[in-house]
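Engineer: Attaching a single structure in C-alpha cells format; questions to follow.
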Amino acid sequence: MSSTSLCSLHSSTVSPSLSLSRFSPTSSALSYSDPCLSLPRLSLQTQPLRSPNLFRVTHLRINPKSKTGLKLNCSMNEPLKVMISGAPASGKGTQCELIVQKFGLVHISTGDLLRAEVAAGSEIGNKAKEYMNAGRLVPDEIVNAMVTARLSREDAKQKGWLLDGYPRSFAQAEALEQNQIRPDIYIVLDVPDEILIDRCVGRRLDPVTGKIYHIKSFPPETEEIKSRLITRPDDTEQKVKSRLEIYKRNAEAASSTYSPITNKIDGNRPKEVVFKEIDSLLSQVQNYKGKIIKPEKSTPDIKKGKESLSQDKWRGIPTRLNNIPHSREIRTYFYDDVLLATERAVKDGKTRLKVDINIPELNPEMDVYRIGTLMELVRALALSFADDGKRVKVCVQGSMGEGALAGMPLQLAGTRKILEFMDWGDYGAKGTFIKIGSIGAAEVDEQDDMYILVAPQNAVGNCIIDDLRAMTDAAKHRPVILINARLKDLPGSSGIMQTMGREQRLEYAASFESCYFFRLLYYAGTQYPIMGALRMTYPFPYELYKRVDESHRKEKYVLLSTFPQRPTTDEINDAFQGKPRAGARKASGIWGFLSGIL
Ligand code: AP5
C-alpha cells in the first residue's frame, strides 16, 4: 500500500550549494540536477510518513548511465544500508571488515550468525550444521527469521547495516521485500572460479579476533596468531566446488531483485584496491544522502509544547471532497489531521478518546464508503504511536450473538483479515509494536501501552458497549481511542437487545472525549452540493466552514464561526444565515445533515 507523492521541502535544511529552486516537483517525484557540482541527475521518490504530516523523501535514484556509473537507491534520512554478495571466498568477509572500520555499519553475516549457532549447539545450529558441512544452503525459513530479527535491533536501525551473504535465494530476497527492507546499494564481488578455490583452501581464521587470513597471500602477523588459526570445515576443495555450484545456481535469482542498484566490482585484485573502489562507492552514497534535503520535521508543534500548538501550518480544508475516490493526497491530509489531534490529546494525558471522521469515503451512509480508507487511517495512527515506542493494540470487533442472532457490524466485515494482510512498514513493526486483537477485557495484556478500536458498534440485537466497558476497565489508565464508533445502543430487532442498564451504557459511551471531528454539511436530504464542513481538532474549538464557489470551477472553504462545544443544528443554521449567535429566532431548518448525528 505504499505510494508516491509530493513531499514537503524545508529550505533551511538544504545544503547551501543546492538551491531549492532547482527542485522541480512533478506529480509523483522531484528531480534535481546540479550543474555546478557535476552530479548525475537524481530523482527523488517519496513515501507517506509513518509519523504525521506530509511525506518524507525516501529514495534517491541515480541514473545508471551517469558519468560516475554509480547505481543506487537511497532511503533518505536513514543510515547507510548495504548488501554485499559474491561467490564463496570472493572476499566478502575481508571487505566487510574494512567497510565496518570506515563506515561503522552493523555487519550481519549469515555465515557468521549460523556458525555462532552451531558453536553454541543451539537447535538452529544443530539443524544448520548438516547443511553447512555439506556446503548446501540452510533452509530459507531459518535464515530469514535470523536476519529479520537481527535487522530489527536498534543498533542496525541507528548505525545502518551491511548484509553479507544474504539474500542467497529468490525466496530470501522476497522475504526482505515483503518487509520492505531494501539496500541503498548492492555490491557484487566478481572473482574467477580457480582463484576462489585456492582462496578457500588457503583460508584460515583467527578465533580470537575473527580476522581472516590466507596462508599464502595474507599470512598471520605473528607466530602466536599462527598457532591458533583454524580452518573452516567447509573449506575443503571438494566442498568449495559444491558451494560454488550452489552459489551459481541461486545467485542470479537472488540478485535479480537488485539489478537496478547492482555494482559489480572486480574482486581479483589486492584487497586494498578492491576496498578503495567500494569505499568510493559508499562515500558517494553517504554524500548524496547527506546533501539532499531533509524533510520538514513532522510534528514540531507537539514536541515543543502547548504554547506552540497553533494551527498556523494547517492548510485549510481540502477542496474537491465530493470527487470519489479521494486522491491519496486528500486521504493523507486527513490521516495527518487526525493523527496530530490524537497525539496532542494522548500527550495531554487523555485516556478515553474518540475520533469521528466522516469524509465521504468514511461515511457508511454513503455508497462510496471504503473500508480500505478506514484501515489506512488506523495504520497511520498505529504506526505513528509505534514510532514513538508505544506498543499499540489495534482491535476489531468480532461477530456478536449466537445462532440466528449472530451478527457482524456492517462496517467491519472482513477488516480483521485486511489488517492482517496490510503492509505494516519496515522492520516488522507488526507483532512487536503493533498487535491486532478484538474487543473485550481478555484482549488487554500487561505489555500493551494503548488501544485503537476500529469502528466499534452494535450488531443487530447485540450491544458492544458492555464488552467495551470491560475492556476499558481492564485497560485502566492506558489510552483507548475509538475510531468512528457508533454506540447509540439502539434496540435490536424484536426488541431483543436488553433495555436494562441502557442509561448507564449511554452515559459510558458519552464518557469518551472527542479529539477529532470532521463532517461535511449538505442541504437536508441531499449529498450535493457540499454546503460546508464542521471540524474540530483537539484542543481547539469546533470550526464551522462554508464552501464557496470561485471562478474557473475552483472552490474554497471560509470560516464562519467557532464553537467551544459541538454546535447544534440550529446554531449551524444561524451561522450560515448570518444571524447573531444568541437571541436570534430559530431558522426554519433548510440546512441539515446527512445523518442527523449532530
Ligand atoms: P558464508 O560464511 O557466508 O560463506 P561463503 O559465502 O561461502 O563465503 P566465505 O565466507 O567462504 O567467503 P568470503 O567471500 O567471505 O571470503 P573471505 O573474505 O573469507 O556461509 C557459509 C555457509 O553458511 C554456506 O555455505 C551456507 O551453508 C550457510 N549460509 C550462509 N548464508 C546463508 C544464506 N543466506 N542462506 C542459506 N545458507 C546460508 O576470503 C576468503 C579468502 O580469500 C581468505 O583467506 C582471504 O584472506 C582471501 N582474500 C580475500 N580477499 C582477497 C583478495 N582481494 N586477494 C587475495 N586474497 C583475498
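Each chain of the C-alpha cells is named A, B, ... in the order shown, its residues numbered from 1; ligands are numbered from 1 in display order.
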Dump the neighbourhood of ligand 1 as a PyMOL selection string: all residues within 7 Å, distances computed on only C-alpha atoms and all ligand atoms.
Structural biologist: chain A and resi 86-95+109-112+114+131-133+135-140+143+164-168+199-200+202-204+212-214+217-218+243+267-271+274
Engineer: Check the DSSP output for the backbone and give back, as a tab-separated table (two decimals) with N, CA and C atoms, in the first residue's frame, the residues of stretch 270-512 of chain A in helix (DSSP H, G or I).
Structural biologist:
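Output contents, as saved in out.tsv:
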chain	number	residue	atom	x	y	z
A	271	LYS	N	43.32	-6.74	-1.83
A	271	LYS	CA	42.13	-6.36	-1.06
A	271	LYS	C	42.04	-4.85	-0.85
A	272	GLU	N	43.22	-4.17	-0.74
A	272	GLU	CA	43.20	-2.71	-0.54
A	272	GLU	C	42.63	-2.00	-1.78
A	273	VAL	N	42.97	-2.56	-2.95
A	273	VAL	CA	42.49	-1.94	-4.20
A	273	VAL	C	40.98	-2.13	-4.32
A	274	VAL	N	40.55	-3.35	-3.96
A	274	VAL	CA	39.11	-3.63	-4.02
A	274	VAL	C	38.38	-2.68	-3.05
A	275	PHE	N	38.97	-2.55	-1.87
A	275	PHE	CA	38.29	-1.70	-0.88
A	275	PHE	C	38.22	-0.24	-1.34
A	276	LYS	N	39.28	0.19	-1.99
A	276	LYS	CA	39.29	1.59	-2.44
A	276	LYS	C	38.06	1.87	-3.32
A	277	GLU	N	37.75	0.91	-4.17
A	277	GLU	CA	36.60	1.11	-5.05
A	277	GLU	C	35.28	1.09	-4.25
A	278	ILE	N	35.20	0.14	-3.32
A	278	ILE	CA	33.97	0.06	-2.51
A	278	ILE	C	33.82	1.34	-1.68
A	279	ASP	N	34.94	1.74	-1.09
A	279	ASP	CA	34.95	2.95	-0.26
A	279	ASP	C	34.42	4.14	-1.06
A	280	SER	N	34.89	4.24	-2.29
A	280	SER	CA	34.48	5.37	-3.12
A	280	SER	C	32.95	5.32	-3.39
A	281	LEU	N	32.46	4.12	-3.66
A	281	LEU	CA	31.02	3.99	-3.92
A	281	LEU	C	30.20	4.37	-2.68
A	282	LEU	N	30.59	3.79	-1.54
A	282	LEU	CA	29.80	4.04	-0.33
A	282	LEU	C	29.90	5.50	0.10
A	283	SER	N	31.07	6.08	-0.10
A	283	SER	CA	31.21	7.51	0.27
A	283	SER	C	30.29	8.36	-0.58
A	284	GLN	N	30.17	7.98	-1.85
A	284	GLN	CA	29.27	8.76	-2.71
A	284	GLN	C	27.82	8.62	-2.24
A	285	VAL	N	27.45	7.40	-1.86
A	285	VAL	CA	26.08	7.20	-1.39
A	285	VAL	C	25.84	8.06	-0.16
A	286	GLN	N	26.81	8.01	0.77
A	286	GLN	CA	26.66	8.79	2.00
A	286	GLN	C	26.58	10.27	1.70
A	287	ASN	N	27.41	10.65	0.76
A	287	ASN	CA	27.46	12.04	0.36
A	287	ASN	C	26.11	12.50	-0.17
A	288	TYR	N	25.53	11.70	-1.03
A	288	TYR	CA	24.23	12.05	-1.59
A	288	TYR	C	23.18	12.13	-0.49
A	289	LYS	N	23.25	11.15	0.40
A	289	LYS	CA	22.24	11.14	1.46
A	289	LYS	C	22.33	12.41	2.30
A	290	GLY	N	23.56	12.81	2.59
A	290	GLY	CA	23.76	13.98	3.43
A	290	GLY	C	23.40	15.26	2.72
A	291	LYS	N	23.66	15.30	1.41
A	291	LYS	CA	23.47	16.58	0.70
A	291	LYS	C	22.03	16.88	0.39
A	300	PRO	N	6.47	19.41	14.77
A	300	PRO	CA	7.23	20.33	15.60
A	300	PRO	C	6.37	20.90	16.73
A	301	ASP	N	5.12	21.17	16.44
A	301	ASP	CA	4.28	21.80	17.45
A	301	ASP	C	4.10	20.93	18.68
A	302	ILE	N	3.90	19.64	18.40
A	302	ILE	CA	3.67	18.74	19.52
A	302	ILE	C	4.90	18.67	20.40
A	303	LYS	N	6.04	18.56	19.74
A	303	LYS	CA	7.27	18.37	20.51
A	303	LYS	C	7.59	19.61	21.35
A	304	LYS	N	7.25	20.78	20.85
A	304	LYS	CA	7.64	22.00	21.56
A	304	LYS	C	6.71	22.34	22.72
A	306	LYS	N	2.64	23.02	24.45
A	306	LYS	CA	1.31	23.51	24.13
A	306	LYS	C	1.28	24.93	23.58
A	307	GLU	N	2.22	25.76	24.04
A	307	GLU	CA	2.20	27.16	23.60
A	307	GLU	C	2.23	27.25	22.08
A	308	SER	N	2.98	26.34	21.48
A	308	SER	CA	3.13	26.46	20.04
A	308	SER	C	2.14	25.59	19.28
A	328	ARG	N	-5.00	10.24	-3.04
A	328	ARG	CA	-4.13	9.87	-1.92
A	328	ARG	C	-3.77	11.09	-1.09
A	329	GLU	N	-3.57	12.23	-1.78
A	329	GLU	CA	-3.21	13.44	-1.04
A	329	GLU	C	-4.31	13.82	-0.03
A	330	ILE	N	-5.55	13.71	-0.50
A	330	ILE	CA	-6.66	14.08	0.40
A	330	ILE	C	-6.72	13.10	1.57
A	331	ARG	N	-6.57	11.83	1.24
A	331	ARG	CA	-6.64	10.84	2.33
A	331	ARG	C	-5.53	11.11	3.34
A	332	THR	N	-4.33	11.31	2.82
A	332	THR	CA	-3.20	11.51	3.73
A	332	THR	C	-3.36	12.79	4.52
A	333	TYR	N	-3.93	13.78	3.88
A	333	TYR	CA	-4.20	15.04	4.58
A	333	TYR	C	-5.04	14.76	5.82
A	334	PHE	N	-6.10	13.97	5.67
A	334	PHE	CA	-6.96	13.70	6.81
A	334	PHE	C	-6.28	12.79	7.84
A	335	TYR	N	-5.50	11.82	7.36
A	335	TYR	CA	-4.81	10.97	8.33
A	335	TYR	C	-3.91	11.84	9.22
A	336	ASP	N	-3.22	12.76	8.58
A	336	ASP	CA	-2.31	13.63	9.35
A	336	ASP	C	-3.09	14.51	10.33
A	337	ASP	N	-4.23	15.01	9.85
A	337	ASP	CA	-5.05	15.88	10.69
A	337	ASP	C	-5.52	15.12	11.93
A	338	VAL	N	-6.00	13.91	11.71
A	338	VAL	CA	-6.48	13.08	12.83
A	338	VAL	C	-5.31	12.76	13.77
A	339	LEU	N	-4.20	12.41	13.17
A	339	LEU	CA	-3.05	11.99	13.97
A	339	LEU	C	-2.56	13.10	14.89
A	340	LEU	N	-2.42	14.29	14.35
A	340	LEU	CA	-1.92	15.39	15.18
A	340	LEU	C	-2.85	15.64	16.36
A	341	ALA	N	-4.14	15.65	16.09
A	341	ALA	CA	-5.11	15.91	17.16
A	341	ALA	C	-5.04	14.80	18.21
A	342	THR	N	-4.97	13.56	17.75
A	342	THR	CA	-4.96	12.43	18.67
A	342	THR	C	-3.68	12.43	19.51
A	343	GLU	N	-2.57	12.70	18.84
A	343	GLU	CA	-1.30	12.74	19.59
A	343	GLU	C	-1.32	13.82	20.66
A	344	ARG	N	-1.90	14.96	20.32
A	344	ARG	CA	-1.95	16.05	21.30
A	344	ARG	C	-2.78	15.62	22.51
A	345	ALA	N	-3.91	14.96	22.23
A	345	ALA	CA	-4.78	14.55	23.33
A	345	ALA	C	-4.10	13.51	24.21
A	346	VAL	N	-3.43	12.54	23.57
A	346	VAL	CA	-2.75	11.50	24.36
A	346	VAL	C	-1.63	12.13	25.17
A	347	LYS	N	-0.93	13.06	24.56
A	347	LYS	CA	0.17	13.73	25.25
A	347	LYS	C	-0.35	14.49	26.47
A	360	PRO	N	-16.60	11.62	2.71
A	360	PRO	CA	-17.46	10.66	2.01
A	360	PRO	C	-16.95	9.22	2.05
A	361	GLU	N	-15.63	9.02	1.91
A	361	GLU	CA	-15.14	7.63	1.89
A	361	GLU	C	-15.20	6.94	3.25
A	362	LEU	N	-15.42	7.74	4.29
A	362	LEU	CA	-15.50	7.12	5.62
A	362	LEU	C	-16.89	7.29	6.22
A	371	ILE	N	-13.70	0.65	3.15
A	371	ILE	CA	-13.07	0.08	4.33
A	371	ILE	C	-11.56	0.29	4.28
A	372	GLY	N	-11.01	0.26	3.06
A	372	GLY	CA	-9.56	0.43	2.91
A	372	GLY	C	-9.09	1.77	3.46
A	373	THR	N	-9.92	2.79	3.30
A	373	THR	CA	-9.54	4.11	3.82
A	373	THR	C	-9.53	4.08	5.35
A	374	LEU	N	-10.52	3.42	5.91
A	374	LEU	CA	-10.56	3.30	7.37
A	374	LEU	C	-9.30	2.56	7.87
A	375	MET	N	-8.94	1.51	7.15
A	375	MET	CA	-7.77	0.72	7.56
A	375	MET	C	-6.48	1.54	7.45
A	376	GLU	N	-6.40	2.32	6.38
A	376	GLU	CA	-5.20	3.16	6.20
A	376	GLU	C	-5.09	4.18	7.32
A	377	LEU	N	-6.22	4.74	7.71
A	377	LEU	CA	-6.22	5.72	8.80
A	377	LEU	C	-5.72	5.05	10.09
A	378	VAL	N	-6.26	3.87	10.35
A	378	VAL	CA	-5.89	3.16	11.57
A	378	VAL	C	-4.39	2.83	11.54
A	379	ARG	N	-3.92	2.43	10.37
A	379	ARG	CA	-2.48	2.11	10.25
A	379	ARG	C	-1.62	3.35	10.49
A	380	ALA	N	-2.04	4.49	9.92
A	380	ALA	CA	-1.25	5.71	10.10
A	380	ALA	C	-1.15	6.05	11.58
A	381	LEU	N	-2.26	5.90	12.30
A	381	LEU	CA	-2.25	6.21	13.73
A	381	LEU	C	-1.35	5.23	14.48
A	382	ALA	N	-1.60	3.94	14.21
A	382	ALA	CA	-0.88	2.91	14.97
A	382	ALA	C	0.63	3.02	14.73
A	383	LEU	N	1.02	3.18	13.48
A	383	LEU	CA	2.45	3.22	13.18
A	383	LEU	C	3.11	4.45	13.80
A	384	SER	N	2.38	5.54	13.82
A	384	SER	CA	2.99	6.74	14.38
A	384	SER	C	3.20	6.59	15.88
A	385	PHE	N	2.20	6.05	16.57
A	385	PHE	CA	2.40	5.83	18.01
A	385	PHE	C	3.50	4.79	18.24
A	386	ALA	N	3.54	3.79	17.37
A	386	ALA	CA	4.59	2.77	17.50
A	386	ALA	C	5.97	3.39	17.28
A	387	ASP	N	6.05	4.35	16.36
A	387	ASP	CA	7.31	5.05	16.13
A	387	ASP	C	7.79	5.75	17.39
A	403	GLY	N	-26.33	-18.10	16.88
A	403	GLY	CA	-27.37	-18.66	16.01
A	403	GLY	C	-27.93	-17.63	15.06
A	404	ALA	N	-29.28	-17.59	14.99
A	404	ALA	CA	-29.94	-16.67	14.06
A	404	ALA	C	-29.63	-15.22	14.41
A	405	LEU	N	-29.20	-15.01	15.65
A	405	LEU	CA	-28.96	-13.63	16.07
A	405	LEU	C	-27.49	-13.22	15.97
A	410	LEU	N	-21.81	-3.96	10.11
A	410	LEU	CA	-21.65	-3.77	8.66
A	410	LEU	C	-20.28	-3.26	8.25
A	411	GLN	N	-19.79	-2.28	8.97
A	411	GLN	CA	-18.54	-1.65	8.56
A	411	GLN	C	-17.34	-2.54	8.79
A	412	LEU	N	-17.52	-3.61	9.54
A	412	LEU	CA	-16.34	-4.34	9.98
A	412	LEU	C	-16.11	-5.67	9.28
A	415	THR	N	-12.58	-6.76	8.00
A	415	THR	CA	-11.50	-5.81	8.33
A	415	THR	C	-10.32	-6.49	9.04
A	416	ARG	N	-10.62	-7.44	9.88
A	416	ARG	CA	-9.54	-8.09	10.62
A	416	ARG	C	-8.55	-8.72	9.64
A	417	LYS	N	-9.10	-9.40	8.63
A	417	LYS	CA	-8.25	-10.06	7.63
A	417	LYS	C	-7.41	-9.01	6.89
A	418	ILE	N	-8.07	-7.91	6.53
A	418	ILE	CA	-7.35	-6.87	5.79
A	418	ILE	C	-6.20	-6.36	6.65
A	419	LEU	N	-6.48	-6.14	7.92
A	419	LEU	CA	-5.42	-5.63	8.81
A	419	LEU	C	-4.23	-6.60	8.85
A	420	GLU	N	-4.56	-7.90	8.90
A	420	GLU	CA	-3.50	-8.91	8.97
A	420	GLU	C	-2.62	-8.86	7.73
A	421	PHE	N	-3.26	-8.62	6.58
A	421	PHE	CA	-2.50	-8.66	5.33
A	421	PHE	C	-1.84	-7.34	4.97
A	426	ASP	N	8.42	-0.95	7.60
A	426	ASP	CA	9.75	-1.54	7.72
A	426	ASP	C	9.94	-2.31	9.03
A	427	TYR	N	10.80	-3.25	8.98
A	427	TYR	CA	11.33	-3.92	10.16
A	427	TYR	C	10.29	-4.58	11.05
A	428	GLY	N	9.23	-5.06	10.39
A	428	GLY	CA	8.27	-5.88	11.13
A	428	GLY	C	7.70	-5.26	12.37
A	441	ALA	N	-12.29	-7.53	27.44
A	441	ALA	CA	-11.32	-7.43	28.53
A	441	ALA	C	-10.17	-8.41	28.35
A	442	ALA	N	-10.48	-9.57	27.74
A	442	ALA	CA	-9.45	-10.61	27.61
A	442	ALA	C	-8.30	-10.16	26.71
A	443	GLU	N	-8.54	-9.15	25.90
A	443	GLU	CA	-7.50	-8.69	24.96
A	443	GLU	C	-6.46	-7.80	25.62
A	465	ILE	N	-21.35	-2.21	23.93
A	465	ILE	CA	-20.89	-1.30	24.99
A	465	ILE	C	-20.40	-2.03	26.24
A	466	ASP	N	-21.07	-3.12	26.61
A	466	ASP	CA	-20.63	-3.83	27.82
A	466	ASP	C	-19.23	-4.41	27.65
A	467	ASP	N	-18.97	-4.97	26.45
A	467	ASP	CA	-17.62	-5.52	26.18
A	467	ASP	C	-16.59	-4.40	26.18
A	468	LEU	N	-17.02	-3.29	25.65
A	468	LEU	CA	-16.13	-2.14	25.56
A	468	LEU	C	-15.78	-1.64	26.96
A	469	ARG	N	-16.80	-1.60	27.79
A	469	ARG	CA	-16.57	-1.12	29.15
A	469	ARG	C	-15.62	-2.07	29.90
A	470	ALA	N	-15.86	-3.38	29.70
A	470	ALA	CA	-14.98	-4.35	30.36
A	470	ALA	C	-13.54	-4.14	29.90
A	471	MET	N	-13.40	-3.83	28.64
A	471	MET	CA	-12.05	-3.63	28.09
A	471	MET	C	-11.40	-2.36	28.67
A	472	THR	N	-12.15	-1.27	28.70
A	472	THR	CA	-11.56	-0.04	29.22
A	472	THR	C	-11.29	-0.17	30.72
A	473	ASP	N	-12.14	-0.92	31.43
A	473	ASP	CA	-11.86	-1.14	32.86
A	473	ASP	C	-10.53	-1.86	33.02
A	474	ALA	N	-10.32	-2.87	32.16
A	474	ALA	CA	-9.06	-3.63	32.26
A	474	ALA	C	-7.87	-2.78	31.82
A	475	ALA	N	-8.11	-1.90	30.86
A	475	ALA	CA	-7.00	-1.06	30.34
A	475	ALA	C	-6.60	0.01	31.34
A	493	SER	N	-33.56	-5.96	16.71
A	493	SER	CA	-34.77	-6.49	16.11
A	493	SER	C	-35.65	-7.14	17.18
A	494	SER	N	-36.92	-7.02	17.09
A	494	SER	CA	-37.93	-7.54	18.02
A	494	SER	C	-37.63	-7.13	19.46
A	495	GLY	N	-36.97	-6.07	19.62
A	495	GLY	CA	-36.71	-5.58	20.98
A	495	GLY	C	-35.83	-6.52	21.78
A	502	ARG	N	-29.64	0.65	30.13
A	502	ARG	CA	-29.40	1.41	28.90
A	502	ARG	C	-28.82	2.80	29.18
A	503	GLU	N	-29.40	3.42	30.20
A	503	GLU	CA	-28.96	4.77	30.53
A	503	GLU	C	-27.47	4.80	30.89
A	504	GLN	N	-27.09	3.81	31.71
A	504	GLN	CA	-25.67	3.75	32.11
A	504	GLN	C	-24.78	3.49	30.90
A	505	ARG	N	-25.28	2.66	29.99
A	505	ARG	CA	-24.46	2.37	28.81
A	505	ARG	C	-24.26	3.64	27.98
A	506	LEU	N	-25.33	4.39	27.83
A	506	LEU	CA	-25.21	5.62	27.05
A	506	LEU	C	-24.29	6.63	27.75
A	507	GLU	N	-24.40	6.64	29.07
A	507	GLU	CA	-23.54	7.53	29.85
A	507	GLU	C	-22.07	7.14	29.64
A	508	TYR	N	-21.85	5.83	29.66
A	508	TYR	CA	-20.48	5.35	29.44
A	508	TYR	C	-20.00	5.74	28.04
A	509	ALA	N	-20.86	5.54	27.04
A	509	ALA	CA	-20.47	5.88	25.66
A	509	ALA	C	-20.12	7.36	25.56
A	510	ALA	N	-20.84	8.18	26.30
A	510	ALA	CA	-20.61	9.62	26.22
A	510	ALA	C	-19.34	10.04	26.98
Engineer: Report, in Å to a single decimal, how far apart atom CA of A:Val188 and atom CA of A:Val106 are.
Structural biologist: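 Atom CA of A:Val106 sits 18.6 Å away from atom CA of A:Val188.
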Engineer: So what do you get for atom CA of A:Thr568 versus atom CA of A:Leu521, distance-wise?
Structural biologist: 12.6 Å
Engineer: What is the atom CA of A:Ile246-atom CA of A:Gln172 distance in Å, reported with one decimal?
Structural biologist: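 Taking atom CA of A:Ile246 and atom CA of A:Gln172, their separation equals 14.9 Å.
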Engineer: Find the residue from A:Ile317, A:Leu482, A:Met366, A:Val444 that sits nearest to A:Leu544; use only C-alpha atoms when measuring.
Structural biologist: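 For A:Leu544, the nearest of the candidates is A:Ile317.
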Engineer: Compare A:Leu487, A:Leu163, A:Ala128, A:Ile357 by their minimum atom-to-atom distance to A:Arg535, counting only C-alpha atoms, and give me the closest one.
Structural biologist: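 Distance minimum relative to A:Arg535 lands on A:Ile357.
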